[in-house]
Amino acid sequence: MYKKRRRLKKEVIVGAVILLAVIIIGILAFNYFSYHSSYTYKLKEIGYQDDEVETILNNLEDTQIDDILEKEYNRNIPKLIIQKYFIYKNLDRYSKYMDENTEESPKNVVAIVNVNGDYDYYTHTKKTDMSKKNLILTNKYNYLDENYTPEDLIKISNRYAYEDNHVREEVNDQYVSMWKAANEEGLVLIANSSFRSYESQEAVWKRYKNQHGEEYADKYAARAGYSEHQTGLCIDIVSDGAIANDFEDTEEFKWLQKNAYKYGFILRYPKGKEKITGYSYESWHYRYVGVEAAKEIHDADITFDEYYAYYLAK
Ligand SMILES: [Zn+2]
């Protein structure tokens with residue numbers, strides 16, 4: 001009786017030990033296989049360091065990580081994916097541009113590639129999307145139809161402009177409101193140039209080209225169809241006695257910097273953004289985009305090209 005009980009006790013202990021061993025091996029095996037099939041393991045195997053793995057896991061969706069796993073290790077990727085305006089489909093172009101332009105920050109790389117700035121001017125061009133209304137984009141890659149003339153062009157009163165300035169009706173209304181607000185502070189804005197037809201832009205560009213060659217013409221004038229002035233949505237603003245970049249030194253310019261967005265206007269070609277806009281700094285060129293977009297562009301401190309690429313074209 002006593003012996004039997006002891007044997008039974010022994011069997012129970014042996015059975016429990018075996019069961020425990022099976023459970024432990026099971027857990028270890030499960031952990032082993034789940035780790036080896038995890039993104040962390042796979043990314044590390046390609047060559048990503050712990051912090052890079054964390055960045056990738058925190059910023060990309062599963063399908064995008066699957067795609068990364070198909071590629072070789074790329075040290076640019078963790079730096080690019082944390083940028084605010086990163087667009088996944090541009091990843092390979094960002095990385096290529098970054099390798100070829102090591103002086104550019106990842107932030108600039110994303111901005112430049114988003115607006116097609118990694119392509120030569122006037123290549124990869126397309127007819128711009130007219131359904132965007134006040135937000136239609138014209139730049140070195142997006143053009144207007146040669147027959148396009150806004151239907152509601154009206155003349156800006158000579159009180160606010162030099163002779164022969166025309167813009168779209170809404171633009172005129174907002175410009176006049178802006179003019180009055182500036183004038184209450186003793187400032188006088190003058191619309192110097194606004195709507196230009198396809199034909200007149202073509203004449204300017206061809207004249208430059210005939211006199212100085214194509215490179216010069218492209219540097220100082222937009223090609224016909226690519227000028228924002230054909231949209232009827234922009235105005236070159238000056239003040240008395242200050243033309244071109246002298247305008248930058250005026251009180252009128254400083255006032256516009258602070259207030260233009262409240263009336264729907266933005267400085268279209270800011271200083272230091274040449275590689276993004278494709279244009280040299282122009283302190284006088286203001287584009288109407290509507291109050292809502294102008295505030296967003298102003299608050300984010302980005303160009304219209306970047307805004308369009310990220311919010312409207314993506
Ligand atoms: Zn202009």
# chains A, B, ... in the order shown; residues from 1 in each chain; ligands from 1
>>> residues_near_ligand(ligand="ligand 1", cutoff="12 Å", atoms="only C-alpha atoms and all ligand atoms", output="mmCIF file with all heavy atoms, in the first residue's frame")
data_model
loop_
_atom_site.group_PDB
_atom_site.id
_atom_site.type_symbol
_atom_site.label_atom_id
_atom_site.label_comp_id
_atom_site.auth_asym_id
_atom_site.auth_seq_id
_atom_site.Cartn_x
_atom_site.Cartn_y
_atom_site.Cartn_z
ATOM 1 N N ALA A 191 -0.881 97.579 -58.726
ATOM 2 C CA ALA A 191 -0.800 96.390 -59.592
ATOM 3 C C ALA A 191 -0.049 96.798 -60.854
ATOM 4 O O ALA A 191 -0.466 97.698 -61.576
ATOM 5 C CB ALA A 191 -2.201 95.886 -59.917
ATOM 6 N N ASN A 192 1.050 96.114 -61.103
ATOM 7 C CA ASN A 192 1.938 96.512 -62.189
ATOM 8 C C ASN A 192 1.735 95.652 -63.433
ATOM 9 O O ASN A 192 1.845 96.105 -64.561
ATOM 10 C CB ASN A 192 3.386 96.394 -61.693
ATOM 11 C CG ASN A 192 4.390 96.869 -62.701
ATOM 12 O OD1 ASN A 192 4.142 97.839 -63.410
ATOM 13 N ND2 ASN A 192 5.509 96.176 -62.780
ATOM 14 N N SER A 193 1.454 94.361 -63.199
ATOM 15 C CA SER A 193 1.237 93.443 -64.320
ATOM 16 C C SER A 193 0.402 92.294 -63.798
ATOM 17 O O SER A 193 0.629 91.820 -62.688
ATOM 18 C CB SER A 193 2.585 92.938 -64.850
ATOM 19 O OG SER A 193 2.371 92.055 -65.931
ATOM 20 N N SER A 194 -0.561 91.848 -64.583
ATOM 21 C CA SER A 194 -1.405 90.759 -64.087
ATOM 22 C C SER A 194 -1.695 89.762 -65.206
ATOM 23 O O SER A 194 -0.766 89.048 -65.603
ATOM 24 C CB SER A 194 -2.670 91.319 -63.434
ATOM 25 O OG SER A 194 -3.142 92.433 -64.151
ATOM 26 N N PHE A 195 -2.931 89.735 -65.738
ATOM 27 C CA PHE A 195 -3.181 88.743 -66.785
ATOM 28 C C PHE A 195 -2.336 89.005 -68.017
ATOM 29 O O PHE A 195 -2.199 90.142 -68.464
ATOM 30 C CB PHE A 195 -4.666 88.742 -67.186
ATOM 31 C CG PHE A 195 -4.942 87.881 -68.384
ATOM 32 C CD1 PHE A 195 -4.943 86.503 -68.266
ATOM 33 C CD2 PHE A 195 -5.139 88.450 -69.646
ATOM 34 C CE1 PHE A 195 -5.158 85.696 -69.388
ATOM 35 C CE2 PHE A 195 -5.360 87.655 -70.764
ATOM 36 C CZ PHE A 195 -5.368 86.269 -70.630
ATOM 37 N N ARG A 196 -1.738 87.926 -68.534
ATOM 38 C CA ARG A 196 -1.057 87.987 -69.824
ATOM 39 C C ARG A 196 -1.532 86.811 -70.664
ATOM 40 O O ARG A 196 -1.607 85.683 -70.163
ATOM 41 C CB ARG A 196 0.457 87.863 -69.656
ATOM 42 C CG ARG A 196 1.132 89.104 -69.106
ATOM 43 C CD ARG A 196 2.634 88.860 -69.010
ATOM 44 N NE ARG A 196 3.159 89.415 -67.785
ATOM 45 C CZ ARG A 196 4.145 88.897 -67.069
ATOM 46 N NH1 ARG A 196 4.714 87.766 -67.456
ATOM 47 N NH2 ARG A 196 4.567 89.477 -65.968
ATOM 48 N N GLN A 201 2.864 86.077 -73.845
ATOM 49 C CA GLN A 201 3.956 85.367 -73.173
ATOM 50 C C GLN A 201 4.891 84.741 -74.210
ATOM 51 O O GLN A 201 6.115 84.760 -74.064
ATOM 52 C CB GLN A 201 3.372 84.282 -72.257
ATOM 53 C CG GLN A 201 4.386 83.668 -71.307
ATOM 54 C CD GLN A 201 4.885 84.658 -70.258
ATOM 55 O OE1 GLN A 201 4.123 85.511 -69.787
ATOM 56 N NE2 GLN A 201 6.153 84.567 -69.898
ATOM 57 N N TYR A 220 14.771 83.901 -67.855
ATOM 58 C CA TYR A 220 14.112 85.174 -67.559
ATOM 59 C C TYR A 220 12.633 85.251 -67.950
ATOM 60 O O TYR A 220 11.963 86.232 -67.644
ATOM 61 C CB TYR A 220 14.895 86.330 -68.194
ATOM 62 C CG TYR A 220 16.242 86.487 -67.528
ATOM 63 C CD1 TYR A 220 17.406 85.984 -68.116
ATOM 64 C CD2 TYR A 220 16.341 87.083 -66.273
ATOM 65 C CE1 TYR A 220 18.635 86.089 -67.483
ATOM 66 C CE2 TYR A 220 17.565 87.187 -65.627
ATOM 67 C CZ TYR A 220 18.709 86.696 -66.241
ATOM 68 O OH TYR A 220 19.907 86.794 -65.596
ATOM 69 N N ALA A 221 12.121 84.235 -68.616
ATOM 70 C CA ALA A 221 10.689 84.259 -68.955
ATOM 71 C C ALA A 221 10.152 82.837 -68.954
ATOM 72 O O ALA A 221 10.874 81.891 -69.269
ATOM 73 C CB ALA A 221 10.484 84.890 -70.333
ATOM 74 N N ALA A 222 8.897 82.717 -68.570
ATOM 75 C CA ALA A 222 8.262 81.403 -68.660
ATOM 76 C C ALA A 222 7.914 81.133 -70.114
ATOM 77 O O ALA A 222 7.662 82.059 -70.885
ATOM 78 C CB ALA A 222 6.997 81.386 -67.810
ATOM 79 N N TYR A 226 3.093 78.139 -69.638
ATOM 80 C CA TYR A 226 3.649 77.798 -68.318
ATOM 81 C C TYR A 226 3.659 78.999 -67.362
ATOM 82 O O TYR A 226 4.077 78.866 -66.225
ATOM 83 C CB TYR A 226 5.075 77.257 -68.463
ATOM 84 C CG TYR A 226 5.136 75.936 -69.201
ATOM 85 C CD1 TYR A 226 5.159 75.882 -70.585
ATOM 86 C CD2 TYR A 226 5.135 74.739 -68.484
ATOM 87 C CE1 TYR A 226 5.197 74.672 -71.248
ATOM 88 C CE2 TYR A 226 5.174 73.522 -69.140
ATOM 89 C CZ TYR A 226 5.213 73.501 -70.530
ATOM 90 O OH TYR A 226 5.249 72.301 -71.179
ATOM 91 N N SER A 227 3.223 80.143 -67.854
ATOM 92 C CA SER A 227 3.233 81.329 -66.993
ATOM 93 C C SER A 227 1.970 81.405 -66.151
ATOM 94 O O SER A 227 0.856 81.212 -66.653
ATOM 95 C CB SER A 227 3.337 82.593 -67.837
ATOM 96 O OG SER A 227 3.103 83.722 -67.007
ATOM 97 N N GLU A 228 2.149 81.706 -64.887
ATOM 98 C CA GLU A 228 1.006 81.865 -64.000
ATOM 99 C C GLU A 228 0.161 83.076 -64.404
ATOM 100 O O GLU A 228 -1.017 83.148 -64.077
ATOM 101 C CB GLU A 228 1.523 82.025 -62.567
ATOM 102 C CG GLU A 228 0.488 81.770 -61.539
ATOM 103 C CD GLU A 228 1.088 81.554 -60.167
ATOM 104 O OE1 GLU A 228 1.647 82.515 -59.613
ATOM 105 O OE2 GLU A 228 0.996 80.432 -59.661
ATOM 106 N N HIS A 229 0.778 84.007 -65.105
ATOM 107 C CA HIS A 229 0.033 85.205 -65.494
ATOM 108 C C HIS A 229 -1.118 84.895 -66.443
ATOM 109 O O HIS A 229 -2.058 85.676 -66.547
ATOM 110 C CB HIS A 229 0.985 86.241 -66.100
ATOM 111 C CG HIS A 229 1.774 86.963 -65.048
ATOM 112 N ND1 HIS A 229 1.280 88.027 -64.339
ATOM 113 C CD2 HIS A 229 3.021 86.737 -64.548
ATOM 114 C CE1 HIS A 229 2.181 88.452 -63.459
ATOM 115 N NE2 HIS A 229 3.256 87.680 -63.565
ATOM 116 N N GLN A 230 -1.065 83.754 -67.102
ATOM 117 C CA GLN A 230 -2.171 83.380 -67.997
ATOM 118 C C GLN A 230 -3.411 82.930 -67.219
ATOM 119 O O GLN A 230 -4.506 82.853 -67.756
ATOM 120 C CB GLN A 230 -1.698 82.271 -68.967
ATOM 121 C CG GLN A 230 -2.635 82.083 -70.176
ATOM 122 C CD GLN A 230 -2.282 80.841 -70.995
ATOM 123 O OE1 GLN A 230 -1.126 80.411 -71.013
ATOM 124 N NE2 GLN A 230 -3.275 80.262 -71.664
ATOM 125 N N THR A 231 -3.247 82.625 -65.926
ATOM 126 C CA THR A 231 -4.389 82.161 -65.127
ATOM 127 C C THR A 231 -5.332 83.297 -64.729
ATOM 128 O O THR A 231 -6.473 83.046 -64.358
ATOM 129 C CB THR A 231 -3.928 81.492 -63.808
ATOM 130 O OG1 THR A 231 -3.251 82.478 -63.003
ATOM 131 C CG2 THR A 231 -2.997 80.320 -64.057
ATOM 132 N N GLY A 232 -4.831 84.523 -64.760
ATOM 133 C CA GLY A 232 -5.647 85.645 -64.270
ATOM 134 C C GLY A 232 -5.745 85.638 -62.755
ATOM 135 O O GLY A 232 -6.589 86.312 -62.162
ATOM 136 N N LEU A 233 -4.878 84.847 -62.098
ATOM 137 C CA LEU A 233 -4.936 84.691 -60.646
ATOM 138 C C LEU A 233 -3.743 85.327 -59.936
ATOM 139 O O LEU A 233 -3.579 85.149 -58.740
ATOM 140 C CB LEU A 233 -4.982 83.194 -60.284
ATOM 141 C CG LEU A 233 -6.238 82.431 -60.704
ATOM 142 C CD1 LEU A 233 -6.017 80.923 -60.552
ATOM 143 C CD2 LEU A 233 -7.452 82.869 -59.894
ATOM 144 N N CYS A 234 -2.910 86.035 -60.685
ATOM 145 C CA CYS A 234 -1.756 86.622 -59.994
ATOM 146 C C CYS A 234 -1.542 88.077 -60.400
ATOM 147 O O CYS A 234 -1.993 88.520 -61.461
ATOM 148 C CB CYS A 234 -0.495 85.799 -60.235
ATOM 149 S SG CYS A 234 0.040 85.767 -61.934
ATOM 150 N N ILE A 235 -0.882 88.783 -59.513
ATOM 151 C CA ILE A 235 -0.603 90.202 -59.734
ATOM 152 C C ILE A 235 0.832 90.501 -59.327
ATOM 153 O O ILE A 235 1.266 90.100 -58.245
ATOM 154 C CB ILE A 235 -1.528 91.109 -58.878
ATOM 155 C CG1 ILE A 235 -3.000 90.705 -59.016
ATOM 156 C CG2 ILE A 235 -1.336 92.574 -59.249
ATOM 157 C CD1 ILE A 235 -3.951 91.536 -58.133
ATOM 158 N N ASP A 236 1.549 91.192 -60.203
ATOM 159 C CA ASP A 236 2.838 91.737 -59.801
ATOM 160 C C ASP A 236 2.554 93.069 -59.127
ATOM 161 O O ASP A 236 2.000 93.976 -59.753
ATOM 162 C CB ASP A 236 3.744 91.965 -61.020
ATOM 163 C CG ASP A 236 4.190 90.655 -61.660
ATOM 164 O OD1 ASP A 236 4.091 89.610 -60.994
ATOM 165 O OD2 ASP A 236 4.614 90.696 -62.827
ATOM 166 N N ILE A 237 2.896 93.147 -57.833
ATOM 167 C CA ILE A 237 2.588 94.357 -57.060
ATOM 168 C C ILE A 237 3.862 95.159 -56.815
ATOM 169 O O ILE A 237 4.902 94.596 -56.469
ATOM 170 C CB ILE A 237 1.938 93.978 -55.714
ATOM 171 C CG1 ILE A 237 0.637 93.199 -55.951
ATOM 172 C CG2 ILE A 237 1.654 95.243 -54.883
ATOM 173 C CD1 ILE A 237 -0.016 92.668 -54.673
ATOM 174 N N VAL A 238 3.765 96.441 -57.016
ATOM 175 C CA VAL A 238 4.889 97.326 -56.739
ATOM 176 C C VAL A 238 4.385 98.483 -55.878
ATOM 177 O O VAL A 238 3.211 98.546 -55.530
ATOM 178 C CB VAL A 238 5.522 97.875 -58.041
ATOM 179 C CG1 VAL A 238 6.083 96.734 -58.872
ATOM 180 C CG2 VAL A 238 4.505 98.682 -58.840
ATOM 181 N N ILE A 243 10.455 99.145 -58.203
ATOM 182 C CA ILE A 243 10.102 98.055 -59.097
ATOM 183 C C ILE A 243 11.013 96.857 -58.830
ATOM 184 O O ILE A 243 12.026 96.968 -58.161
ATOM 185 C CB ILE A 243 10.191 98.454 -60.599
ATOM 186 C CG1 ILE A 243 11.580 99.027 -60.897
ATOM 187 C CG2 ILE A 243 9.090 99.425 -60.955
ATOM 188 C CD1 ILE A 243 11.944 98.980 -62.354
ATOM 189 N N ALA A 244 10.623 95.704 -59.375
ATOM 190 C CA ALA A 244 11.377 94.458 -59.227
ATOM 191 C C ALA A 244 11.778 94.252 -57.767
ATOM 192 O O ALA A 244 11.014 94.563 -56.859
ATOM 193 C CB ALA A 244 12.568 94.438 -60.164
ATOM 194 N N ASN A 245 12.994 93.754 -57.507
ATOM 195 C CA ASN A 245 13.302 93.386 -56.129
ATOM 196 C C ASN A 245 13.611 94.562 -55.207
ATOM 197 O O ASN A 245 13.797 94.372 -54.007
ATOM 198 C CB ASN A 245 14.392 92.318 -56.069
ATOM 199 C CG ASN A 245 13.768 90.920 -56.073
ATOM 200 O OD1 ASN A 245 12.604 90.749 -55.690
ATOM 201 N ND2 ASN A 245 14.505 89.918 -56.499
ATOM 202 N N LEU A 267 2.987 85.015 -51.484
ATOM 203 C CA LEU A 267 4.209 85.315 -52.234
ATOM 204 C C LEU A 267 4.568 84.022 -52.962
ATOM 205 O O LEU A 267 4.853 83.010 -52.331
ATOM 206 C CB LEU A 267 5.325 85.726 -51.267
ATOM 207 C CG LEU A 267 6.668 86.095 -51.885
ATOM 208 C CD1 LEU A 267 6.561 87.422 -52.631
ATOM 209 C CD2 LEU A 267 7.750 86.192 -50.811
ATOM 210 N N ARG A 268 4.536 84.065 -54.293
ATOM 211 C CA ARG A 268 4.602 82.812 -55.047
ATOM 212 C C ARG A 268 6.014 82.249 -55.197
ATOM 213 O O ARG A 268 6.201 81.026 -55.253
ATOM 214 C CB ARG A 268 3.965 83.056 -56.425
ATOM 215 C CG ARG A 268 3.912 81.876 -57.348
ATOM 216 C CD ARG A 268 2.969 80.808 -56.821
ATOM 217 N NE ARG A 268 2.918 79.690 -57.755
ATOM 218 C CZ ARG A 268 3.775 78.673 -57.738
ATOM 219 N NH1 ARG A 268 4.751 78.648 -56.865
ATOM 220 N NH2 ARG A 268 3.646 77.689 -58.606
ATOM 221 N N TYR A 269 7.016 83.139 -55.286
ATOM 222 C CA TYR A 269 8.393 82.672 -55.521
ATOM 223 C C TYR A 269 9.315 83.210 -54.423
ATOM 224 O O TYR A 269 10.073 84.165 -54.640
ATOM 225 C CB TYR A 269 8.884 83.120 -56.906
ATOM 226 C CG TYR A 269 7.941 82.709 -58.020
ATOM 227 C CD1 TYR A 269 7.307 83.661 -58.819
ATOM 228 C CD2 TYR A 269 7.658 81.366 -58.253
ATOM 229 C CE1 TYR A 269 6.423 83.293 -59.826
ATOM 230 C CE2 TYR A 269 6.770 80.984 -59.250
ATOM 231 C CZ TYR A 269 6.157 81.949 -60.028
ATOM 232 O OH TYR A 269 5.282 81.578 -61.009
ATOM 233 N N TYR A 279 11.749 79.129 -59.938
ATOM 234 C CA TYR A 279 11.902 80.543 -60.270
ATOM 235 C C TYR A 279 12.792 81.258 -59.265
ATOM 236 O O TYR A 279 12.770 80.933 -58.070
ATOM 237 C CB TYR A 279 10.536 81.252 -60.280
ATOM 238 C CG TYR A 279 9.729 80.955 -61.525
ATOM 239 C CD1 TYR A 279 8.910 79.834 -61.575
ATOM 240 C CD2 TYR A 279 9.823 81.771 -62.645
ATOM 241 C CE1 TYR A 279 8.182 79.537 -62.727
ATOM 242 C CE2 TYR A 279 9.099 81.485 -63.793
ATOM 243 C CZ TYR A 279 8.288 80.374 -63.830
ATOM 244 O OH TYR A 279 7.584 80.093 -64.967
ATOM 245 N N SER A 280 13.521 82.252 -59.750
ATOM 246 C CA SER A 280 14.284 83.119 -58.856
ATOM 247 C C SER A 280 13.308 83.861 -57.943
ATOM 248 O O SER A 280 12.135 84.023 -58.282
ATOM 249 C CB SER A 280 15.067 84.158 -59.657
ATOM 250 O OG SER A 280 15.929 83.506 -60.548
ATOM 251 N N TYR A 281 13.809 84.304 -56.832
ATOM 252 C CA TYR A 281 13.014 85.082 -55.881
ATOM 253 C C TYR A 281 12.368 86.280 -56.562
ATOM 254 O O TYR A 281 13.023 87.028 -57.276
ATOM 255 C CB TYR A 281 13.945 85.536 -54.759
ATOM 256 C CG TYR A 281 13.366 86.515 -53.782
ATOM 257 C CD1 TYR A 281 12.116 86.299 -53.202
ATOM 258 C CD2 TYR A 281 14.079 87.654 -53.415
ATOM 259 C CE1 TYR A 281 11.594 87.202 -52.280
ATOM 260 C CE2 TYR A 281 13.568 88.557 -52.494
ATOM 261 C CZ TYR A 281 12.323 88.330 -51.940
ATOM 262 O OH TYR A 281 11.827 89.214 -51.033
ATOM 263 N N GLU A 282 11.056 86.444 -56.361
ATOM 264 C CA GLU A 282 10.342 87.614 -56.892
ATOM 265 C C GLU A 282 9.522 88.218 -55.768
ATOM 266 O O GLU A 282 8.468 87.686 -55.413
ATOM 267 C CB GLU A 282 9.414 87.207 -58.051
ATOM 268 C CG GLU A 282 10.153 86.715 -59.288
ATOM 269 C CD GLU A 282 9.231 86.519 -60.495
ATOM 270 O OE1 GLU A 282 8.014 86.738 -60.367
ATOM 271 O OE2 GLU A 282 9.752 86.145 -61.557
ATOM 272 N N SER A 283 9.983 89.318 -55.222
ATOM 273 C CA SER A 283 9.274 89.927 -54.083
ATOM 274 C C SER A 283 7.938 90.542 -54.502
ATOM 275 O O SER A 283 7.110 90.849 -53.664
ATOM 276 C CB SER A 283 10.164 90.990 -53.436
ATOM 277 O OG SER A 283 10.433 92.023 -54.369
ATOM 278 N N TRP A 284 7.723 90.683 -55.805
ATOM 279 C CA TRP A 284 6.555 91.407 -56.322
ATOM 280 C C TRP A 284 5.415 90.510 -56.819
ATOM 281 O O TRP A 284 4.326 90.978 -57.072
ATOM 282 C CB TRP A 284 7.007 92.310 -57.481
ATOM 283 C CG TRP A 284 7.575 91.506 -58.636
ATOM 284 C CD1 TRP A 284 6.866 90.969 -59.670
ATOM 285 C CD2 TRP A 284 8.936 91.132 -58.859
ATOM 286 N NE1 TRP A 284 7.694 90.276 -60.527
ATOM 287 C CE2 TRP A 284 8.980 90.365 -60.051
ATOM 288 C CE3 TRP A 284 10.135 91.370 -58.166
ATOM 289 C CZ2 TRP A 284 10.165 89.825 -60.556
ATOM 290 C CZ3 TRP A 284 11.308 90.835 -58.673
ATOM 291 C CH2 TRP A 284 11.325 90.081 -59.850
ATOM 292 N N HIS A 285 5.679 89.229 -56.973
ATOM 293 C CA HIS A 285 4.679 88.371 -57.627
ATOM 294 C C HIS A 285 3.787 87.669 -56.592
ATOM 295 O O HIS A 285 4.243 86.828 -55.837
ATOM 296 C CB HIS A 285 5.408 87.343 -58.498
ATOM 297 C CG HIS A 285 4.507 86.430 -59.281
ATOM 298 N ND1 HIS A 285 4.407 86.445 -60.654
ATOM 299 C CD2 HIS A 285 3.648 85.468 -58.874
ATOM 300 C CE1 HIS A 285 3.546 85.523 -61.050
ATOM 301 N NE2 HIS A 285 3.070 84.916 -59.984
ATOM 302 N N TYR A 286 2.501 88.033 -56.583
ATOM 303 C CA TYR A 286 1.533 87.477 -55.617
ATOM 304 C C TYR A 286 0.467 86.672 -56.346
ATOM 305 O O TYR A 286 -0.100 87.113 -57.339
ATOM 306 C CB TYR A 286 0.894 88.603 -54.779
ATOM 307 C CG TYR A 286 1.955 89.202 -53.895
ATOM 308 C CD1 TYR A 286 2.814 90.179 -54.396
ATOM 309 C CD2 TYR A 286 2.175 88.720 -52.617
ATOM 310 C CE1 TYR A 286 3.854 90.674 -53.630
ATOM 311 C CE2 TYR A 286 3.213 89.209 -51.834
ATOM 312 C CZ TYR A 286 4.042 90.179 -52.349
ATOM 313 O OH TYR A 286 5.089 90.648 -51.595
ATOM 314 N N ARG A 287 0.218 85.502 -55.806
ATOM 315 C CA ARG A 287 -0.743 84.598 -56.425
ATOM 316 C C ARG A 287 -1.970 84.484 -55.540
ATOM 317 O O ARG A 287 -1.853 84.316 -54.329
ATOM 318 C CB ARG A 287 -0.080 83.219 -56.592
ATOM 319 C CG ARG A 287 -1.028 82.039 -56.809
ATOM 320 C CD ARG A 287 -1.746 82.076 -58.163
ATOM 321 N NE ARG A 287 -2.832 81.102 -58.154
ATOM 322 C CZ ARG A 287 -2.733 79.872 -58.630
ATOM 323 N NH1 ARG A 287 -1.607 79.468 -59.180
ATOM 324 N NH2 ARG A 287 -3.772 79.046 -58.565
ATOM 325 N N TYR A 288 -3.125 84.567 -56.136
ATOM 326 C CA TYR A 288 -4.367 84.371 -55.396
ATOM 327 C C TYR A 288 -4.712 82.879 -55.376
ATOM 328 O O TYR A 288 -4.753 82.221 -56.414
ATOM 329 C CB TYR A 288 -5.514 85.156 -56.056
ATOM 330 C CG TYR A 288 -6.792 85.034 -55.270
ATOM 331 C CD1 TYR A 288 -6.952 85.721 -54.069
ATOM 332 C CD2 TYR A 288 -7.823 84.211 -55.701
ATOM 333 C CE1 TYR A 288 -8.110 85.592 -53.315
ATOM 334 C CE2 TYR A 288 -8.985 84.072 -54.954
ATOM 335 C CZ TYR A 288 -9.126 84.771 -53.759
ATOM 336 O OH TYR A 288 -10.255 84.628 -53.013
#
>>> residues_around(residues="Leu69 (chain A)", least_positions_apart="2", cutoff="10 Å", atoms="only C-alpha atoms", output="PyMOL selection string")
chain A and resi 39+42-43+45-46+63-67+71-73
>>> residues_around(residues="Tyr307 (chain A)", least_positions_apart="5", cutoff="12 Å", atoms="only C-alpha atoms", output="VMD selection string")
chain A and resid 84 to 85 111 to 112 114 to 115 135 to 137 266 268 276 to 277 289 293 to 302 312 to 314
>>> select_by_dssp(residues="region 209-278 of chain A", states="strand (DSSP E)", output="list of chain:residue names")
A:Cys234, A:Ile235, A:Asp236, A:Ile237, A:Val238, A:Phe265, A:Ile266, A:Leu267, A:Arg268, A:Tyr269
>>> closest_residue(among="A:Gly26, A:Leu91, A:Asp62, A:Tyr175", to="Ser38 (chain A)", atoms="only C-alpha atoms")
A:Asp62
>>> atom_distance(atom1="CA of Gly272 (chain A)", atom2="CA of Ala242 (chain A)")
21.6 Å
>>> residues_around(residues="Asn142 (chain A)", least_positions_apart="2", cutoff="10 Å", atoms="only C-alpha atoms", output="list of chain:residue names")
A:Tyr122, A:Thr123, A:His124, A:Thr125, A:Lys126, A:Lys127, A:Thr128, A:Asp129, A:Ile136, A:Leu137, A:Thr138, A:Asn139, A:Lys140, A:Leu144, A:Gly225, A:Tyr226, A:Ser227
>>> select_by_dssp(residues="region 59-254 of chain A", states="alpha helix (DSSP H)", output="NGL selection string")
:A and (59 or 62-70 or 76-81 or 91-100 or 106-114 or 169-184 or 198-212 or 214-220 or 251-254)
>>> closest_residue(among="A:Lys219, A:Ile156, A:Asp145, A:Val176", to="Ala260 (chain A)", atoms="only C-alpha atoms")
A:Val176
>>> residues_around(residues="Val113 (chain A)", least_positions_apart="2", cutoff="9 Å", atoms="only C-alpha atoms", output="list in words")
Asn90, Arg93, Tyr94, Tyr97, Asn108, Val109, Val110, Ala111, Val115, Asn116, Gly117, Asp118, Tyr119 and Ile276 of chain A
>>> residues_around(residues="Lys209 (chain A)", least_positions_apart="4", cutoff="12 Å", atoms="only C-alpha atoms", output="VMD selection string")
chain A and resid 202 to 205 213 to 223
>>> closest_residue(among="A:Glu252, A:Glu103, A:Asp164, A:Glu169", to="Asn134 (chain A)", atoms="only C-alpha atoms")
A:Glu169
>>> residues_around(residues="Asn172 (chain A)", least_positions_apart="5", cutoff="9 Å", atoms="only C-alpha atoms", output="ChimeraX atom specification")
/A:153-156,166-167,177
>>> write_last_selection(atoms="N, CA and C atoms", output="CSV table (one decimal), in the first residue's frame")
chain,number,residue,atom,x,y,z
A,153,LEU,N,-12.5,87.7,-66.6
A,153,LEU,CA,-11.5,88.8,-66.5
A,153,LEU,C,-12.1,90.2,-66.4
A,154,ILE,N,-11.7,90.9,-65.4
A,154,ILE,CA,-12.1,92.3,-65.4
A,154,ILE,C,-10.9,93.3,-65.2
A,155,LYS,N,-11.1,94.5,-65.6
A,155,LYS,CA,-10.0,95.5,-65.5
A,155,LYS,C,-9.9,96.0,-64.0
A,156,ILE,N,-8.7,96.0,-63.5
A,156,ILE,CA,-8.5,96.6,-62.2
A,156,ILE,C,-8.5,98.1,-62.3
A,166,HIS,N,-5.6,93.3,-65.8
A,166,HIS,CA,-6.9,92.5,-65.8
A,166,HIS,C,-6.6,91.2,-64.9
A,167,VAL,N,-7.6,90.9,-64.1
A,167,VAL,CA,-7.6,89.7,-63.3
A,167,VAL,C,-9.0,89.1,-63.2
A,177,SER,N,-9.9,94.9,-51.6
A,177,SER,CA,-10.0,94.9,-50.1
A,177,SER,C,-8.6,95.0,-49.5
>>> atom_distance(atom1="CA of Thr149 (chain A)", atom2="CA of Asp120 (chain A)")
27.5 Å
